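Next comes input.csv, a file with CSV, N, CA and C atoms.
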```
chain,number,residue,atom,x,y,z
I,1,MET,N,-2.5,-164.2,-238.5
I,1,MET,CA,-2.5,-163.5,-237.2
I,1,MET,C,-3.5,-164.2,-236.3
I,2,GLU,N,-3.0,-164.5,-235.1
I,2,GLU,CA,-3.8,-165.1,-234.1
I,2,GLU,C,-4.7,-164.0,-233.5
I,3,LEU,N,-6.0,-164.4,-233.2
I,3,LEU,CA,-6.9,-163.5,-232.6
I,3,LEU,C,-7.3,-163.9,-231.2
I,4,ASN,N,-7.7,-162.9,-230.4
I,4,ASN,CA,-8.1,-163.1,-229.1
I,4,ASN,C,-9.7,-163.3,-229.1
I,5,VAL,N,-10.2,-163.5,-227.9
I,5,VAL,CA,-11.7,-163.7,-227.8
I,5,VAL,C,-12.5,-162.4,-228.2
I,6,LEU,N,-11.8,-161.3,-228.2
I,6,LEU,CA,-12.5,-160.0,-228.6
I,6,LEU,C,-12.4,-159.8,-230.1
I,7,GLY,N,-11.7,-160.7,-230.8
I,7,GLY,CA,-11.6,-160.6,-232.3
I,7,GLY,C,-10.5,-159.7,-232.7
I,8,THR,N,-9.6,-159.3,-231.8
I,8,THR,CA,-8.5,-158.4,-232.1
I,8,THR,C,-7.2,-159.2,-232.0
I,9,LYS,N,-6.1,-158.6,-232.3
I,9,LYS,CA,-4.8,-159.3,-232.3
I,9,LYS,C,-4.5,-159.9,-230.9
I,10,LEU,N,-4.1,-161.2,-230.8
I,10,LEU,CA,-3.8,-161.8,-229.6
I,10,LEU,C,-2.6,-161.1,-229.0
I,11,GLU,N,-2.7,-160.7,-227.7
I,11,GLU,CA,-1.7,-160.0,-227.0
I,11,GLU,C,-0.9,-161.1,-226.2
I,12,PRO,N,0.4,-160.8,-225.9
I,12,PRO,CA,1.1,-161.7,-225.0
I,12,PRO,C,0.5,-161.8,-223.6
I,13,CYS,N,0.6,-162.9,-223.0
I,13,CYS,CA,0.1,-163.1,-221.6
I,13,CYS,C,1.2,-162.8,-220.6
I,14,CYS,N,2.3,-163.5,-220.7
I,14,CYS,CA,3.4,-163.3,-219.8
I,14,CYS,C,4.7,-163.8,-220.3
I,15,THR,N,5.8,-163.1,-220.1
I,15,THR,CA,7.1,-163.5,-220.5
I,15,THR,C,8.0,-163.7,-219.3
I,16,ASP,N,7.5,-163.5,-218.1
I,16,ASP,CA,8.3,-163.6,-216.9
I,16,ASP,C,7.5,-164.1,-215.7
I,17,PRO,N,7.3,-165.4,-215.6
I,17,PRO,CA,7.9,-166.5,-216.4
I,17,PRO,C,7.2,-166.6,-217.7
I,18,VAL,N,8.0,-167.2,-218.7
I,18,VAL,CA,7.5,-167.4,-220.0
I,18,VAL,C,6.4,-168.5,-220.0
I,19,THR,N,5.3,-168.2,-220.6
I,19,THR,CA,4.1,-169.1,-220.5
I,19,THR,C,3.7,-169.5,-221.9
I,20,GLY,N,2.7,-170.3,-222.0
I,20,GLY,CA,2.1,-170.8,-223.2
I,20,GLY,C,2.6,-172.1,-223.7
I,21,TYR,N,1.8,-172.8,-224.5
I,21,TYR,CA,2.2,-174.1,-225.0
I,21,TYR,C,3.6,-174.1,-225.7
I,22,PHE,N,3.8,-173.0,-226.4
I,22,PHE,CA,5.1,-172.8,-227.2
I,22,PHE,C,6.1,-172.1,-226.3
I,23,ARG,N,5.8,-171.8,-225.1
I,23,ARG,CA,6.7,-171.0,-224.2
I,23,ARG,C,7.2,-169.7,-225.0
I,24,ASP,N,6.3,-169.0,-225.5
I,24,ASP,CA,6.6,-167.8,-226.2
I,24,ASP,C,5.8,-166.6,-225.6
I,25,GLY,N,5.1,-166.8,-224.5
I,25,GLY,CA,4.4,-165.8,-223.9
I,25,GLY,C,2.9,-165.7,-224.3
I,26,PHE,N,2.5,-166.4,-225.4
I,26,PHE,CA,1.2,-166.3,-225.9
I,26,PHE,C,0.4,-167.5,-225.6
I,27,CYS,N,-0.9,-167.3,-225.3
I,27,CYS,CA,-1.8,-168.4,-225.0
I,27,CYS,C,-2.5,-168.9,-226.4
I,28,ARG,N,-1.7,-169.6,-227.1
I,28,ARG,CA,-2.2,-170.1,-228.4
I,28,ARG,C,-1.9,-171.6,-228.4
I,29,THR,N,-2.5,-172.3,-229.4
I,29,THR,CA,-2.5,-173.8,-229.3
I,29,THR,C,-2.4,-174.4,-230.7
I,30,ILE,N,-2.1,-175.6,-230.7
I,30,ILE,CA,-2.1,-176.5,-232.0
I,30,ILE,C,-2.8,-177.8,-231.6
I,31,SER,N,-3.1,-178.6,-232.5
I,31,SER,CA,-3.8,-179.9,-232.3
I,31,SER,C,-3.0,-180.8,-231.3
I,32,GLN,N,-1.7,-180.7,-231.3
I,32,GLN,CA,-0.9,-181.5,-230.4
I,32,GLN,C,-1.0,-181.1,-228.9
I,33,ASP,N,-1.5,-179.9,-228.6
I,33,ASP,CA,-1.6,-179.4,-227.3
I,33,ASP,C,-2.9,-180.0,-226.6
I,34,ALA,N,-2.7,-181.1,-226.0
I,34,ALA,CA,-3.8,-181.8,-225.4
I,34,ALA,C,-4.6,-181.0,-224.3
I,35,GLY,N,-3.9,-180.1,-223.7
I,35,GLY,CA,-4.5,-179.2,-222.7
I,35,GLY,C,-5.2,-178.0,-223.2
I,36,THR,N,-5.0,-177.7,-224.4
I,36,THR,CA,-5.5,-176.4,-225.1
I,36,THR,C,-5.3,-175.2,-224.1
I,37,HIS,N,-4.0,-174.8,-224.0
I,37,HIS,CA,-3.6,-173.7,-223.1
I,37,HIS,C,-3.9,-172.4,-223.8
I,38,VAL,N,-5.2,-172.0,-223.6
I,38,VAL,CA,-5.6,-170.8,-224.4
I,38,VAL,C,-6.2,-169.6,-223.5
I,39,VAL,N,-6.2,-169.8,-222.2
I,39,VAL,CA,-6.8,-168.8,-221.3
I,39,VAL,C,-5.7,-168.1,-220.5
I,40,CYS,N,-5.6,-166.8,-220.8
I,40,CYS,CA,-4.6,-166.0,-220.0
I,40,CYS,C,-5.2,-165.5,-218.7
I,41,ALA,N,-4.7,-166.1,-217.6
I,41,ALA,CA,-5.3,-165.8,-216.3
I,41,ALA,C,-4.3,-165.3,-215.3
I,42,ILE,N,-4.8,-164.6,-214.3
I,42,ILE,CA,-4.0,-164.1,-213.2
I,42,ILE,C,-4.3,-165.0,-212.0
I,43,MET,N,-3.2,-165.6,-211.6
I,43,MET,CA,-3.3,-166.6,-210.5
I,43,MET,C,-3.7,-166.0,-209.2
I,44,THR,N,-4.5,-166.8,-208.5
I,44,THR,CA,-4.9,-166.5,-207.1
I,44,THR,C,-4.4,-167.6,-206.2
I,45,THR,N,-4.3,-167.3,-204.9
I,45,THR,CA,-3.9,-168.4,-204.0
I,45,THR,C,-4.9,-169.5,-204.0
I,46,GLU,N,-6.2,-169.2,-204.1
I,46,GLU,CA,-7.3,-170.2,-204.1
I,46,GLU,C,-7.2,-171.0,-205.4
I,47,PHE,N,-7.0,-170.4,-206.5
I,47,PHE,CA,-6.9,-171.2,-207.7
I,47,PHE,C,-5.6,-172.2,-207.7
I,48,LEU,N,-4.5,-171.6,-207.2
I,48,LEU,CA,-3.3,-172.4,-207.2
I,48,LEU,C,-3.5,-173.6,-206.2
I,49,ALA,N,-4.2,-173.5,-205.1
I,49,ALA,CA,-4.5,-174.6,-204.2
I,49,ALA,C,-5.4,-175.6,-204.9
I,50,TYR,N,-6.4,-175.0,-205.6
I,50,TYR,CA,-7.4,-175.9,-206.3
I,50,TYR,C,-6.7,-176.7,-207.4
I,51,THR,N,-5.9,-176.1,-208.2
I,51,THR,CA,-5.3,-176.9,-209.3
I,51,THR,C,-4.3,-177.9,-208.7
I,52,LYS,N,-3.6,-177.5,-207.6
I,52,LYS,CA,-2.7,-178.5,-207.0
I,52,LYS,C,-3.5,-179.7,-206.5
I,53,SER,N,-4.7,-179.5,-205.9
I,53,SER,CA,-5.5,-180.6,-205.4
I,53,SER,C,-6.0,-181.5,-206.5
I,54,LYS,N,-5.9,-181.0,-207.7
I,54,LYS,CA,-6.4,-181.8,-208.9
I,54,LYS,C,-5.2,-182.4,-209.6
I,55,GLY,N,-4.0,-182.3,-209.1
I,55,GLY,CA,-2.8,-182.9,-209.6
I,55,GLY,C,-1.9,-182.1,-210.5
I,56,ASN,N,-2.2,-180.8,-210.6
I,56,ASN,CA,-1.4,-179.9,-211.4
I,56,ASN,C,-0.8,-178.8,-210.5
I,57,ASP,N,0.3,-179.0,-210.0
I,57,ASP,CA,1.0,-178.1,-209.0
I,57,ASP,C,1.7,-177.0,-209.8
I,58,LEU,N,1.1,-175.9,-209.8
I,58,LEU,CA,1.8,-174.7,-210.5
I,58,LEU,C,2.6,-173.8,-209.6
I,59,SER,N,2.5,-174.1,-208.3
I,59,SER,CA,3.2,-173.2,-207.4
I,59,SER,C,4.6,-173.7,-206.9
I,60,THR,N,4.9,-175.0,-207.1
I,60,THR,CA,6.2,-175.5,-206.8
I,60,THR,C,7.2,-175.2,-207.9
I,61,PRO,N,8.4,-174.6,-207.6
I,61,PRO,CA,9.4,-174.4,-208.6
I,61,PRO,C,9.9,-175.7,-209.2
I,62,LYS,N,10.2,-175.8,-210.5
I,62,LYS,CA,10.8,-176.9,-211.1
I,62,LYS,C,12.0,-176.4,-211.9
I,63,PRO,N,13.1,-176.3,-211.3
I,63,PRO,CA,14.3,-175.7,-211.9
I,63,PRO,C,14.7,-176.5,-213.2
I,64,GLN,N,14.5,-177.8,-213.2
I,64,GLN,CA,14.9,-178.5,-214.4
I,64,GLN,C,14.2,-178.1,-215.7
I,65,TRP,N,13.0,-177.4,-215.5
I,65,TRP,CA,12.2,-176.9,-216.6
I,65,TRP,C,12.3,-175.4,-216.7
I,66,GLN,N,13.2,-174.8,-215.9
I,66,GLN,CA,13.3,-173.3,-215.8
I,66,GLN,C,11.9,-172.7,-215.4
I,67,PHE,N,11.2,-173.4,-214.5
I,67,PHE,CA,9.9,-173.0,-214.0
I,67,PHE,C,10.1,-172.5,-212.6
I,68,PRO,N,9.9,-171.2,-212.3
I,68,PRO,CA,10.1,-170.7,-210.9
I,68,PRO,C,8.9,-171.0,-210.0
I,69,GLY,N,7.8,-171.5,-210.4
I,69,GLY,CA,6.6,-171.6,-209.6
I,69,GLY,C,5.8,-170.4,-209.6
I,70,LEU,N,4.5,-170.5,-209.6
I,70,LEU,CA,3.7,-169.3,-209.7
I,70,LEU,C,3.2,-168.9,-208.3
I,71,VAL,N,2.9,-167.7,-208.2
I,71,VAL,CA,2.3,-167.1,-207.0
I,71,VAL,C,1.1,-166.3,-207.3
I,72,ALA,N,0.3,-165.9,-206.3
I,72,ALA,CA,-0.8,-165.0,-206.6
I,72,ALA,C,-0.3,-163.8,-207.3
I,73,GLY,N,-1.0,-163.4,-208.4
I,73,GLY,CA,-0.6,-162.3,-209.2
I,73,GLY,C,0.1,-162.7,-210.5
I,74,SER,N,0.7,-163.9,-210.5
I,74,SER,CA,1.4,-164.4,-211.7
I,74,SER,C,0.4,-164.5,-212.8
I,75,LYS,N,0.8,-164.2,-214.0
I,75,LYS,CA,0.0,-164.5,-215.2
I,75,LYS,C,0.4,-165.8,-215.8
I,76,TRP,N,-0.5,-166.6,-216.4
I,76,TRP,CA,-0.2,-167.9,-216.9
I,76,TRP,C,-1.3,-168.3,-217.9
I,77,CYS,N,-0.9,-169.1,-218.9
I,77,CYS,CA,-1.8,-169.7,-219.9
I,77,CYS,C,-2.3,-171.0,-219.3
I,78,LEU,N,-3.6,-171.0,-219.0
I,78,LEU,CA,-4.3,-172.2,-218.5
I,78,LEU,C,-5.0,-173.0,-219.5
I,79,CYS,N,-5.1,-174.3,-219.3
I,79,CYS,CA,-5.9,-175.2,-220.1
I,79,CYS,C,-7.4,-174.7,-219.9
I,80,ILE,N,-8.1,-174.6,-221.0
I,80,ILE,CA,-9.5,-174.2,-220.9
I,80,ILE,C,-10.3,-175.2,-220.1
I,81,SER,N,-10.0,-176.5,-220.1
I,81,SER,CA,-10.8,-177.4,-219.3
I,81,SER,C,-10.5,-177.2,-217.8
I,82,ARG,N,-9.3,-176.9,-217.4
I,82,ARG,CA,-9.0,-176.6,-216.0
I,82,ARG,C,-9.7,-175.3,-215.5
I,83,TRP,N,-9.7,-174.3,-216.4
I,83,TRP,CA,-10.3,-173.0,-216.0
I,83,TRP,C,-11.8,-173.3,-215.9
I,84,LEU,N,-12.4,-174.0,-216.8
I,84,LEU,CA,-13.9,-174.3,-216.7
I,84,LEU,C,-14.2,-175.1,-215.5
I,85,ALA,N,-13.4,-176.1,-215.1
I,85,ALA,CA,-13.6,-176.8,-213.9
I,85,ALA,C,-13.5,-176.0,-212.7
I,86,ALA,N,-12.5,-175.1,-212.7
I,86,ALA,CA,-12.3,-174.2,-211.5
I,86,ALA,C,-13.5,-173.2,-211.4
I,87,GLU,N,-14.0,-172.8,-212.6
I,87,GLU,CA,-15.2,-171.9,-212.6
I,87,GLU,C,-16.4,-172.6,-211.9
I,88,LYS,N,-16.6,-173.8,-212.3
I,88,LYS,CA,-17.7,-174.6,-211.7
I,88,LYS,C,-17.5,-174.8,-210.2
I,89,ALA,N,-16.3,-174.9,-209.8
I,89,ALA,CA,-16.0,-175.2,-208.4
I,89,ALA,C,-15.9,-173.9,-207.5
I,90,GLY,N,-15.9,-172.7,-208.2
I,90,GLY,CA,-15.9,-171.5,-207.5
I,90,GLY,C,-14.5,-170.9,-207.3
I,91,PHE,N,-13.5,-171.4,-208.1
I,91,PHE,CA,-12.1,-171.0,-207.9
I,91,PHE,C,-11.5,-170.4,-209.2
I,92,ALA,N,-12.3,-170.0,-210.2
I,92,ALA,CA,-11.7,-169.5,-211.4
I,92,ALA,C,-11.0,-168.2,-211.2
I,93,PRO,N,-9.8,-168.1,-211.7
I,93,PRO,CA,-9.1,-166.8,-211.6
I,93,PRO,C,-9.6,-165.8,-212.7
I,94,LYS,N,-9.2,-164.6,-212.5
I,94,LYS,CA,-9.6,-163.5,-213.5
I,94,LYS,C,-8.8,-163.8,-214.8
I,95,VAL,N,-9.5,-163.4,-215.9
I,95,VAL,CA,-9.0,-163.6,-217.3
I,95,VAL,C,-8.6,-162.3,-217.9
I,96,ILE,N,-7.5,-162.3,-218.7
I,96,ILE,CA,-7.1,-161.2,-219.5
I,96,ILE,C,-7.6,-161.5,-220.9
I,97,LEU,N,-8.7,-160.9,-221.3
I,97,LEU,CA,-9.4,-161.2,-222.6
I,97,LEU,C,-8.5,-161.0,-223.8
I,98,GLU,N,-7.7,-159.9,-223.7
I,98,GLU,CA,-6.8,-159.6,-224.9
I,98,GLU,C,-5.7,-160.7,-225.1
I,99,GLY,N,-5.4,-161.4,-224.0
I,99,GLY,CA,-4.4,-162.5,-224.1
I,99,GLY,C,-5.0,-163.9,-224.2
I,100,THR,N,-6.3,-164.0,-224.2
I,100,THR,CA,-7.0,-165.3,-224.3
I,100,THR,C,-7.3,-165.6,-225.8
I,101,SER,N,-6.9,-166.7,-226.2
I,101,SER,CA,-7.1,-167.1,-227.6
I,101,SER,C,-8.6,-167.2,-228.0
I,102,GLN,N,-8.9,-166.9,-229.2
I,102,GLN,CA,-10.2,-167.0,-229.7
I,102,GLN,C,-10.6,-168.5,-229.7
I,103,LYS,N,-9.7,-169.4,-229.7
I,103,LYS,CA,-10.0,-170.8,-229.6
I,103,LYS,C,-10.8,-171.2,-228.3
I,104,ALA,N,-10.7,-170.4,-227.3
I,104,ALA,CA,-11.4,-170.6,-226.0
I,104,ALA,C,-12.9,-170.6,-226.3
I,105,LEU,N,-13.3,-169.9,-227.3
I,105,LEU,CA,-14.8,-169.7,-227.6
I,105,LEU,C,-15.3,-171.0,-228.2
I,106,ASP,N,-14.4,-172.0,-228.5
I,106,ASP,CA,-14.9,-173.3,-228.9
I,106,ASP,C,-15.4,-174.1,-227.7
I,107,TYR,N,-15.1,-173.7,-226.5
I,107,TYR,CA,-15.4,-174.4,-225.3
I,107,TYR,C,-16.3,-173.6,-224.3
I,108,THR,N,-16.3,-172.3,-224.5
I,108,THR,CA,-17.1,-171.5,-223.5
I,108,THR,C,-17.6,-170.2,-224.3
I,109,SER,N,-18.4,-169.5,-223.6
I,109,SER,CA,-18.9,-168.2,-224.2
I,109,SER,C,-18.1,-167.0,-223.8
I,110,LEU,N,-18.1,-166.0,-224.6
I,110,LEU,CA,-17.5,-164.8,-224.3
I,110,LEU,C,-18.2,-164.1,-223.1
I,111,GLU,N,-19.5,-164.3,-223.0
I,111,GLU,CA,-20.2,-163.8,-221.8
I,111,GLU,C,-19.6,-164.3,-220.5
I,112,LEU,N,-19.4,-165.7,-220.5
I,112,LEU,CA,-18.8,-166.2,-219.2
I,112,LEU,C,-17.4,-165.7,-219.0
I,113,LEU,N,-16.6,-165.6,-220.0
I,113,LEU,CA,-15.2,-165.1,-219.8
I,113,LEU,C,-15.3,-163.7,-219.3
I,114,LYS,N,-16.2,-162.9,-219.9
I,114,LYS,CA,-16.3,-161.5,-219.5
I,114,LYS,C,-16.7,-161.3,-218.0
I,115,GLN,N,-17.4,-162.3,-217.4
I,115,GLN,CA,-17.7,-162.3,-216.0
I,115,GLN,C,-16.4,-162.3,-215.1
I,116,TYR,N,-15.4,-162.8,-215.7
I,116,TYR,CA,-14.1,-163.0,-215.0
I,116,TYR,C,-13.0,-162.0,-215.5
I,117,GLU,N,-13.4,-161.1,-216.3
I,117,GLU,CA,-12.4,-160.2,-216.9
I,117,GLU,C,-11.6,-159.4,-215.9
I,118,ALA,N,-10.3,-159.4,-216.1
I,118,ALA,CA,-9.4,-158.6,-215.2
I,118,ALA,C,-9.5,-157.2,-215.8
I,119,ILE,N,-9.8,-156.3,-214.9
I,119,ILE,CA,-9.9,-154.9,-215.4
I,119,ILE,C,-8.6,-154.2,-214.9
I,120,SER,N,-7.9,-153.7,-215.9
I,120,SER,CA,-6.6,-153.0,-215.6
I,120,SER,C,-6.8,-151.5,-215.3
```
Can the structure from this file be put into structure tokens for me?
Amino acid sequence: MELNVLGTKLEPCCTDPVTGYFRDGFCRTISQDAGTHVVCAIMTTEFLAYTKSKGNDLSTPKPQWQFPGLVAGSKWCLCISRWLAAEKAGFAPKVILEGTSQKALDYTSLELLKQYEAIS
């Protein structure tokens, strides 16, 4: 059973659009996942502009990959390195801790993630 950063069962992040390295809705990873897509985040206009400026356009639809493009409010599994870079730059989106893989704790602290916790 995969665990989240809280030490409980990893919850799905989003299935519409379907997210995650495995495109199964979960922010989980394997060694072949160079991006380590483990952070379940809620997109903001500011973050989408930031990541596009860094060469990862998540807002433009890509029909050939069945990707509708993300908008503010979309949930998506982010690479931990992109989220950390966005945090340092002041553009980090809110995080859904229940959907964020425990693997994220190999790169950052629970305390930092909690500062960005999305409260439902």
> Can you list, as a PyMOL selection string, every protein, DNA or RNA residue that comes within 8 Å of segment 13-23 of chain I when you count all atoms listed in the file, leaving out same-chain residues fewer than 4 positions away?
Replying inline: chain I and resi 27-30+33+36-41+66-70+74-78+96+98-100
>> If DSSP is run on the backbone, what residues of segment 44-80 of chain I are alpha helix (DSSP H)? A reply as a VMD selection string would be ideal.
In response: chain I and resid 45 to 53 80
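The interatomic distance for the pair atom CA of Leu97 of chain I and atom CA of Val71 of chain I works out to 20.4 Å.
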> Distance atom C of Gly90 of chain I-atom N of Glu46 of chain I, one decimal place?
Replying inline: 9.1 Å
Among segment 55-84 of chain I, which ones does DSSP place in strand (DSSP E or B), written as a PDB file with N, CA and C atoms, in the coordinates of the input?
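Output file selection-v7.pdb is given in full below:
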```pdb
ATOM      1  N   LYS I  62      10.200-175.800-210.500  1.00  0.00           N
ATOM      2  CA  LYS I  62      10.800-176.900-211.100  1.00  0.00           C
ATOM      3  C   LYS I  62      12.000-176.400-211.900  1.00  0.00           C
ATOM      4  N   PHE I  67      11.200-173.400-214.500  1.00  0.00           N
ATOM      5  CA  PHE I  67       9.900-173.000-214.000  1.00  0.00           C
ATOM      6  C   PHE I  67      10.100-172.500-212.600  1.00  0.00           C
ATOM      7  N   LYS I  75       0.800-164.200-214.000  1.00  0.00           N
ATOM      8  CA  LYS I  75       0.000-164.500-215.200  1.00  0.00           C
ATOM      9  C   LYS I  75       0.400-165.800-215.800  1.00  0.00           C
ATOM     10  N   TRP I  76      -0.500-166.600-216.400  1.00  0.00           N
ATOM     11  CA  TRP I  76      -0.200-167.900-216.900  1.00  0.00           C
ATOM     12  C   TRP I  76      -1.300-168.300-217.900  1.00  0.00           C
ATOM     13  N   CYS I  77      -0.900-169.100-218.900  1.00  0.00           N
ATOM     14  CA  CYS I  77      -1.800-169.700-219.900  1.00  0.00           C
ATOM     15  C   CYS I  77      -2.300-171.000-219.300  1.00  0.00           C
ATOM     16  N   LEU I  78      -3.600-171.000-219.000  1.00  0.00           N
ATOM     17  CA  LEU I  78      -4.300-172.200-218.500  1.00  0.00           C
ATOM     18  C   LEU I  78      -5.000-173.000-219.500  1.00  0.00           C
ATOM     19  N   CYS I  79      -5.100-174.300-219.300  1.00  0.00           N
ATOM     20  CA  CYS I  79      -5.900-175.200-220.100  1.00  0.00           C
ATOM     21  C   CYS I  79      -7.400-174.700-219.900  1.00  0.00           C
TER      22      CYS I  79
END
```
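Reported to one decimal place, the separation of atom CA of Val95 of chain I from atom N of Ala118 of chain I is 4.6 Å.
All residues of protein, DNA or RNA that reach within 6.5 Å of Leu3 of chain I, judged by all atoms listed in the file and not counting those fewer than 2 positions away in the chain, are I:Met1, I:Val5, I:Leu6, I:Gly7, I:Thr8, I:Lys9, I:Leu10, I:Thr100, I:Ser101, I:Gln102, I:Lys103.
Shortest separation to Gly73 of chain I among I:Ala89, I:Ala34, I:Ile119, I:Met43 occurs at residue I:Met43, atoms counted being all atoms listed in the file.
In this comparison, which uses only C-alpha atoms, the residue of I:Gln32, I:Leu112, I:Pro61, I:Tyr107 approaching Arg82 of chain I most closely is I:Tyr107.
Nearest to Pro93 of chain I of all the residues I:Asp106, I:Tyr50, I:Tyr116, I:Glu111 is I:Tyr116, counting only N, CA and C atoms.
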>> Here is a test: counting all atoms listed in the file, which residue of I:Ile80, I:Asn56, I:Ala86, I:Ile42 is nearest to Ala104 of chain I?
In response: I:Ile80
